[in-house]
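Student: I'd like to ask you about the structure that follows.
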Amino acid sequence: MLLVVEQFLNGLQFGLLLFLLAAGLTLVFGIMDFVNLAHGSLYMMGAYFAATFVAWTGSFVLGIILALGATLLLGIVLEFVALRHLYGRDHLDHVLATFGLILFFNDAVRLIWGPAGLALSLPAWLTVPIQIMPGIFYPAYRMAIIAVALAVALALYILVMRTRLGMLIRAGASNREMIGALGINIKLLYTLVFGLGAALAGLAGMMQAPILTVQIGMGENILILAFVIIVIGGIGSIRGAFLAAIFVGLIDTLGRAFLPDLLRHVLSASNASTAAPALSSMLIYLLMAMVLVVRPEGLFPANRR
Amino acid sequence: MADPLLCVENLVRRFGGIAATDNLSLDVHSGELHAIIGPNGAGKTTLISQLTGQLLPDAGSIRFAGRDITRLPAYRRSALGLARSFQITSLLPDFSALDNVALAAQAHDGHSFRFWGDARKEGHLRAAAVAALTRVGLERRADTLVSQLSHGEQRELELAVALATKPQLLLLDEPMAGLGVTESARMVHLLQELRREVTILLVEHDMDAVFALADRITVLVYGRVIASDVPAAIRGNAEVKRAYLGDAHAVTRHG
Amino acid sequence: MKVSVNVRNVVAALTVAGLLLLPLYTSLSGNTFALTLFTRIVIFALAAVSLNLIMGYGGMMSFGHAAYLGVGGYAVGILAFEGIGSGFIQWPVALAASALFALVIGALSLRTRGVYFIMITLAFAQIAYYIVSGLARYGGDDGLTIYKRSDFAGLIDLSNRVQFYYLCLACLFAGIYLVWRIVHSRFGLVVQGLRSNEARMQAIGFPVTRYRLVCFVISGTMCGLAGALLANNTDFVSPAVMFWTRSGDLMVMVILGGMGTLFGPVVGAIVYLVLEEFLSQLTEYWALIMGPLLLLIVLFGRGGIFGLLGRLNRG
């Protein structure tokens, strides 16, 4: 029972992390119609920046804030210098160009920080277990991730639904030409949206850093999960991304936790131990394939273009 | 009198809360040139899309040459003899005019699971294509890429492509759209010739052309038929005038 | 089908000549590394040619094409592991497996369009990747060593580098020829028409999915052959050959060379892999150059290399 609750929370936490990553991706895709494969690289840079700044400043919180700023800046520079020239081009051009960026970032990180990964250790006050229910303890840091991610999700909701900027974003998602015609500074809007997406990716990267990893190529594995999420949720839909991300996070975590035991009933121990992680990883893709077969435009298709 | 070639009964199509097609019934007789007119937003293109199978109706039925085609996929309707031209020119831009028409002929010449022979060397397909192009007056532009044809030529090519499928019924969605005076006159002349060979259902805004060509006119407003009669009767119909011109002084054409 | 003299055709002819004469050069100069490199390049060129059929001509942007490299490779590897070393059995199985895989994936994926199609093909490739990762018997993540290359009963010796190279080259040329004929055939015109304007093709009477599916299967089968060749070349097969970034590599080769041209994918594969090799000898951090290079090519070189050559012809 304890295990189920713990894994459920882990799944929720993973799902929220995925949401942060997917939200940026779906915003950029929905508004600028831009396929950004390098989104995973921004996630990686966030983690590397965080590990570096935390070590430099000696303060966890300060390090995170600086890293957020750095990732935001990186995103804006990237958009301004290179990527904005690709808006309106074929998706394939986006794929090719951002694929090149993935290669570039992986080697750049290797050059600057070396091939071995980095470690990001938690301050003492975040490592204590918190009692959430009688007899059930959950690590404070993971609670913090859930709290921060939910707060960001709420903030995004308020931004998109209740502010002028958000209104422009939603308008842009359904009709790009219109907002240009309204005299809004499109270029600035796009740059801001891209920056926001980059910051969200970086935040996801730095939040998972103490738990999972800070290493080269970490973006590639999680990037497809993010794409899976936005496809299931419907491209351009933040609400869809939220629901899909939670769903995916839960399925992935619970699958990994309980599938090996289930498999051991059917297969031999050694076969089960190789098959289990593979099957768990596959689950998400099977899910997406099933969704698309039934609803070829995702669960919440956002566009009316 | 024989059964109508096309029989639409109580067709309904909704988009969200709006009924773009609202209990629409319509007959097209074999051999006639039947025009559909109506103010913007009347649902003319929605109707055409349901007739060709691009859109499926929510209710009602469509019968063509005695068959119920209400839910038949678009490509099957073409095989039955229903051809269309598009309101916004829809051709294959990286192919030549001849290729466009030849492909239409190919679609009605057996299957295309042939992987080896050069399709452009199939004499009978090319001949049929040249014939259709000549019919619309584009034979000299046969080898030009569609992207390099003028707008008027593209509209004529749309017609040639439709003709190459040997249709019984030609559904034309605003063939005059975007044409200048000379080109429009050409198109009207062309349609006058074609009407002798094939039944035509025409959606148009150009009133001169409509009243010059049509045997019967159906008027659509907000997805509903408000009148369906010979041109003279439509001209005199008060409700039609109101729909187009409001309650102000009706403009009448004498003659 | 007339062949005219223009820049593109000259480049294509030179490429063919170069590839044919390569073993002569390597035996004269003693540079066997070039032969090894170009064997690999030729195999990937075949994979790129197969992808170009559905992407360039058919307009189907498949992000899971590397899966067929894996299916073909594992067919050879698994059969070899189980004691069946004859190429006469392994290779037809590789082709049949690839065809079946393409049929299933295509039937499901072709219900979608645009970026959804890209994603679902990617998903299926990842599923394949994880399936083989989970097969403990066949090495799982570590992969499967192939101790003996496919045996063709003395007809041809695959462990002889030169013979193997020419076999790969023959497969490549056969693939290009097949694509050439398909593209000009009735079938090919339909598939290209569907890329050009699907609604128009439906209106004149063509059913969309069945033609695309057949094209998809042909393409997957051809790539499965490349997979069988690749497994023989590396004497090894692992799930890594199917990871989505490898599909990305293939897409880059096709786009770089020029989509929808016959020789574009070949030139694309050559340039991409030679560049990768050259740059990695120049510096350990070759991607620092390759990455921005790809970006620049996208920004300024539309239509890939053959697109550029085509413009040179006119200007």
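Within each chain, counting starts at residue 1; across the structure tokens, chains are named A, B, ... in the order shown, with ligands numbered 1 upward in that order.
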Can you check which residues of chain C have any atom within 7 Å of chain A? Use only C-alpha atoms and format it as a PyMOL selection string.
Tutor: chain C and resi 108+111-112+116+120+123-124+127+130-131+133-136+140+252+285+287-288+290-292+294-295+298
Student: Could you please tell me, as an MDAnalysis selection string, which residues of chain C have an atom within 9 Å of chain B when using only C-alpha atoms?
Tutor: chainID C and resid 1 178 181:190 193:197 199:208 211 214
Student: Take the residues that were just selected and, keeping N, CA and C atoms, output them as a PDB file, in the first residue's frame.
Tutor:
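Contents of part_39.pdb, freshly written:
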```pdb
ATOM      1  N   MET C   1      12.018   8.016 -71.488  1.00  0.00           N
ATOM      2  CA  MET C   1      12.666   8.829 -70.490  1.00  0.00           C
ATOM      3  C   MET C   1      14.003   9.335 -71.004  1.00  0.00           C
ATOM      4  N   LEU C 178      15.073   0.801 -59.461  1.00  0.00           N
ATOM      5  CA  LEU C 178      13.697   0.485 -59.090  1.00  0.00           C
ATOM      6  C   LEU C 178      12.907   1.761 -58.806  1.00  0.00           C
ATOM      7  N   ARG C 181      12.060   3.618 -62.062  1.00  0.00           N
ATOM      8  CA  ARG C 181      10.945   3.057 -62.807  1.00  0.00           C
ATOM      9  C   ARG C 181       9.618   3.309 -62.095  1.00  0.00           C
ATOM     10  N   ILE C 182       9.619   3.144 -60.781  1.00  0.00           N
ATOM     11  CA  ILE C 182       8.393   3.370 -60.012  1.00  0.00           C
ATOM     12  C   ILE C 182       7.909   4.805 -60.199  1.00  0.00           C
ATOM     13  N   VAL C 183       8.848   5.739 -60.097  1.00  0.00           N
ATOM     14  CA  VAL C 183       8.485   7.142 -60.136  1.00  0.00           C
ATOM     15  C   VAL C 183       7.816   7.545 -61.449  1.00  0.00           C
ATOM     16  N   HIS C 184       8.201   6.872 -62.534  1.00  0.00           N
ATOM     17  CA  HIS C 184       7.603   7.227 -63.827  1.00  0.00           C
ATOM     18  C   HIS C 184       6.378   6.391 -64.156  1.00  0.00           C
ATOM     19  N   SER C 185       6.107   5.387 -63.331  1.00  0.00           N
ATOM     20  CA  SER C 185       5.013   4.483 -63.634  1.00  0.00           C
ATOM     21  C   SER C 185       3.678   5.091 -63.208  1.00  0.00           C
ATOM     22  N   ARG C 186       2.598   4.391 -63.555  1.00  0.00           N
ATOM     23  CA  ARG C 186       1.269   4.830 -63.114  1.00  0.00           C
ATOM     24  C   ARG C 186       1.254   5.008 -61.595  1.00  0.00           C
ATOM     25  N   PHE C 187       1.771   3.993 -60.922  1.00  0.00           N
ATOM     26  CA  PHE C 187       1.784   4.005 -59.450  1.00  0.00           C
ATOM     27  C   PHE C 187       2.528   5.226 -58.923  1.00  0.00           C
ATOM     28  N   GLY C 188       3.681   5.466 -59.516  1.00  0.00           N
ATOM     29  CA  GLY C 188       4.509   6.572 -59.060  1.00  0.00           C
ATOM     30  C   GLY C 188       3.828   7.910 -59.254  1.00  0.00           C
ATOM     31  N   LEU C 189       3.140   8.072 -60.375  1.00  0.00           N
ATOM     32  CA  LEU C 189       2.450   9.328 -60.619  1.00  0.00           C
ATOM     33  C   LEU C 189       1.349   9.544 -59.585  1.00  0.00           C
ATOM     34  N   VAL C 190       0.667   8.449 -59.255  1.00  0.00           N
ATOM     35  CA  VAL C 190      -0.396   8.574 -58.251  1.00  0.00           C
ATOM     36  C   VAL C 190       0.183   9.010 -56.908  1.00  0.00           C
ATOM     37  N   GLY C 193       1.220  12.525 -57.077  1.00  0.00           N
ATOM     38  CA  GLY C 193       0.020  13.350 -57.104  1.00  0.00           C
ATOM     39  C   GLY C 193      -0.574  13.499 -55.712  1.00  0.00           C
ATOM     40  N   LEU C 194      -0.558  12.420 -54.951  1.00  0.00           N
ATOM     41  CA  LEU C 194      -1.087  12.473 -53.589  1.00  0.00           C
ATOM     42  C   LEU C 194      -0.275  13.421 -52.725  1.00  0.00           C
ATOM     43  N   ARG C 195       1.031  13.467 -52.971  1.00  0.00           N
ATOM     44  CA  ARG C 195       1.852  14.422 -52.222  1.00  0.00           C
ATOM     45  C   ARG C 195       1.480  15.838 -52.628  1.00  0.00           C
ATOM     46  N   SER C 196       1.220  16.011 -53.911  1.00  0.00           N
ATOM     47  CA  SER C 196       0.979  17.331 -54.445  1.00  0.00           C
ATOM     48  C   SER C 196      -0.369  17.902 -53.990  1.00  0.00           C
ATOM     49  N   ASN C 197      -1.402  17.114 -54.057  1.00  0.00           N
ATOM     50  CA  ASN C 197      -2.722  17.614 -53.679  1.00  0.00           C
ATOM     51  C   ASN C 197      -3.672  16.448 -53.441  1.00  0.00           C
ATOM     52  N   ALA C 199      -6.599  16.206 -51.904  1.00  0.00           N
ATOM     53  CA  ALA C 199      -8.027  16.419 -52.156  1.00  0.00           C
ATOM     54  C   ALA C 199      -8.340  16.296 -53.644  1.00  0.00           C
ATOM     55  N   ARG C 200      -7.463  16.851 -54.447  1.00  0.00           N
ATOM     56  CA  ARG C 200      -7.669  16.801 -55.898  1.00  0.00           C
ATOM     57  C   ARG C 200      -7.624  15.350 -56.377  1.00  0.00           C
ATOM     58  N   MET C 201      -6.700  14.586 -55.884  1.00  0.00           N
ATOM     59  CA  MET C 201      -6.567  13.186 -56.307  1.00  0.00           C
ATOM     60  C   MET C 201      -7.808  12.385 -55.916  1.00  0.00           C
ATOM     61  N   GLN C 202      -8.340  12.675 -54.743  1.00  0.00           N
ATOM     62  CA  GLN C 202      -9.561  11.981 -54.327  1.00  0.00           C
ATOM     63  C   GLN C 202     -10.709  12.358 -55.246  1.00  0.00           C
ATOM     64  N   ALA C 203     -10.755  13.642 -55.597  1.00  0.00           N
ATOM     65  CA  ALA C 203     -11.861  14.123 -56.428  1.00  0.00           C
ATOM     66  C   ALA C 203     -11.844  13.480 -57.803  1.00  0.00           C
ATOM     67  N   ILE C 204     -10.655  13.141 -58.324  1.00  0.00           N
ATOM     68  CA  ILE C 204     -10.652  12.513 -59.643  1.00  0.00           C
ATOM     69  C   ILE C 204     -10.755  10.999 -59.558  1.00  0.00           C
ATOM     70  N   GLY C 205     -10.801  10.467 -58.342  1.00  0.00           N
ATOM     71  CA  GLY C 205     -11.151   9.062 -58.217  1.00  0.00           C
ATOM     72  C   GLY C 205     -10.098   8.127 -57.663  1.00  0.00           C
ATOM     73  N   PHE C 206      -9.041   8.668 -57.010  1.00  0.00           N
ATOM     74  CA  PHE C 206      -8.026   7.773 -56.454  1.00  0.00           C
ATOM     75  C   PHE C 206      -8.224   7.559 -54.957  1.00  0.00           C
ATOM     76  N   PRO C 207      -8.269   6.305 -54.509  1.00  0.00           N
ATOM     77  CA  PRO C 207      -8.288   6.062 -53.062  1.00  0.00           C
ATOM     78  C   PRO C 207      -6.892   6.322 -52.499  1.00  0.00           C
ATOM     79  N   VAL C 208      -6.843   7.065 -51.418  1.00  0.00           N
ATOM     80  CA  VAL C 208      -5.553   7.549 -50.950  1.00  0.00           C
ATOM     81  C   VAL C 208      -4.709   6.492 -50.259  1.00  0.00           C
ATOM     82  N   TYR C 211      -2.687   3.310 -51.972  1.00  0.00           N
ATOM     83  CA  TYR C 211      -1.485   3.601 -52.748  1.00  0.00           C
ATOM     84  C   TYR C 211      -0.324   3.991 -51.853  1.00  0.00           C
ATOM     85  N   VAL C 214       1.141   0.838 -50.092  1.00  0.00           N
ATOM     86  CA  VAL C 214       2.013   0.021 -50.937  1.00  0.00           C
ATOM     87  C   VAL C 214       3.383   0.678 -51.078  1.00  0.00           C
TER      88      VAL C 214
END
```
Student: If you run DSSP over the backbone, which residues in segment 67-227 of chain A end up strand (DSSP E)? Put them as an mmCIF file with C-alpha atoms, in the first residue's frame.
Tutor:
```cif
data_model
loop_
_atom_site.group_PDB
_atom_site.id
_atom_site.type_symbol
_atom_site.label_atom_id
_atom_site.label_comp_id
_atom_site.auth_asym_id
_atom_site.auth_seq_id
_atom_site.Cartn_x
_atom_site.Cartn_y
_atom_site.Cartn_z
ATOM 1 C CA PRO A 129 11.309 13.125 4.492
ATOM 2 C CA ILE A 130 7.944 14.729 5.071
ATOM 3 C CA GLN A 131 5.092 12.881 6.654
ATOM 4 C CA ILE A 132 2.146 13.305 4.349
ATOM 5 C CA MET A 133 -0.115 10.692 5.860
ATOM 6 C CA ILE A 136 3.761 7.511 4.982
ATOM 7 C CA PHE A 137 6.856 9.568 4.379
ATOM 8 C CA TYR A 138 7.779 11.233 1.127
ATOM 9 C CA PRO A 139 11.040 13.043 0.311
#
```
Student: Which residues come within 12 Å of Val5 of chain C, counting only C-alpha atoms, excluding same-chain residues fewer than 6 positions away, as number ranges by chain?
Tutor: C: 11-13, 310, 313
Student: Hey, what's within 8 Å of segment 197-214 of chain A if we count only C-alpha atoms and toss same-chain stuff fewer than 3 positions away? As a VMD selection string, please?
Tutor: chain A and resid 17 to 18 20 to 25 27 to 28 39 to 40 42 to 51 64 67 to 69 71 to 72 74 to 75 117 to 122 145 193 to 194 218
Student: Using atom CA of Gly139 of chain C and atom CA of Gly72 of chain C as the two end points, give the distance in Å to one decimal.
Tutor: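 These atoms are spaced 16.3 Å apart.
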Student: Could you pull out the residues in segment 58-150 of chain C that DSSP calls helix (DSSP H, G or I) from the backbone, as a VMD selection string?
Tutor: chain C and resid 66 to 81 87 to 109 114 to 133 136 to 138 140 to 142
Student: If we count only C-alpha atoms and set the cut-off at 9 Å, which residues sit around segment 91-94 of chain C, ignoring sequence neighbours fewer than 4 positions away in its own chain? Please answer as a JSON list (two decimals) with C-alpha atoms, in the first residue's frame.
Tutor:
```json
[["chain", "number", "residue", "atom", "x", "y", "z"],
["C", 71, "VAL", "CA", 14.39, -5.39, -38.59],
["C", 72, "GLY", "CA", 16.58, -6.42, -41.50],
["C", 73, "GLY", "CA", 19.67, -6.55, -39.32],
["C", 74, "TYR", "CA", 18.05, -8.56, -36.56],
["C", 75, "ALA", "CA", 16.55, -11.01, -39.06],
["C", 76, "VAL", "CA", 20.09, -11.80, -40.19],
["C", 86, "SER", "CA", 22.61, -19.20, -45.33],
["C", 87, "GLY", "CA", 22.03, -15.86, -46.95],
["C", 98, "SER", "CA", 10.54, -5.61, -43.13],
["C", 99, "ALA", "CA", 7.62, -5.74, -45.53],
["C", 150, "SER", "CA", 25.65, -14.49, -44.65],
["C", 221, "THR", "CA", 11.47, -3.55, -47.65],
["C", 224, "GLY", "CA", 15.31, -3.86, -44.67],
["C", 225, "LEU", "CA", 17.78, -4.96, -47.33],
["C", 227, "GLY", "CA", 19.68, -3.43, -42.70],
["C", 228, "ALA", "CA", 20.77, -6.91, -43.70]]
```
Student: Taking a cut-off of 12 Å and counting only C-alpha atoms, can you build a table that, for each residue of segment 102-177 of chain C near segment 262-268 of chain C, reports the nearest atom pair and how far apart they are in Å (one decimal), sorted by chain then residue number, as CSV?
Tutor:
```
residue,atom,partner,partner_atom,distance
C:Leu169,CA,C:Val266,CA,11.2
C:Leu172,CA,C:Val266,CA,8.9
C:Phe173,CA,C:Val266,CA,10.1
C:Gly175,CA,C:Leu262,CA,10.2
C:Ile176,CA,C:Leu262,CA,6.8
C:Tyr177,CA,C:Leu262,CA,8.9
```
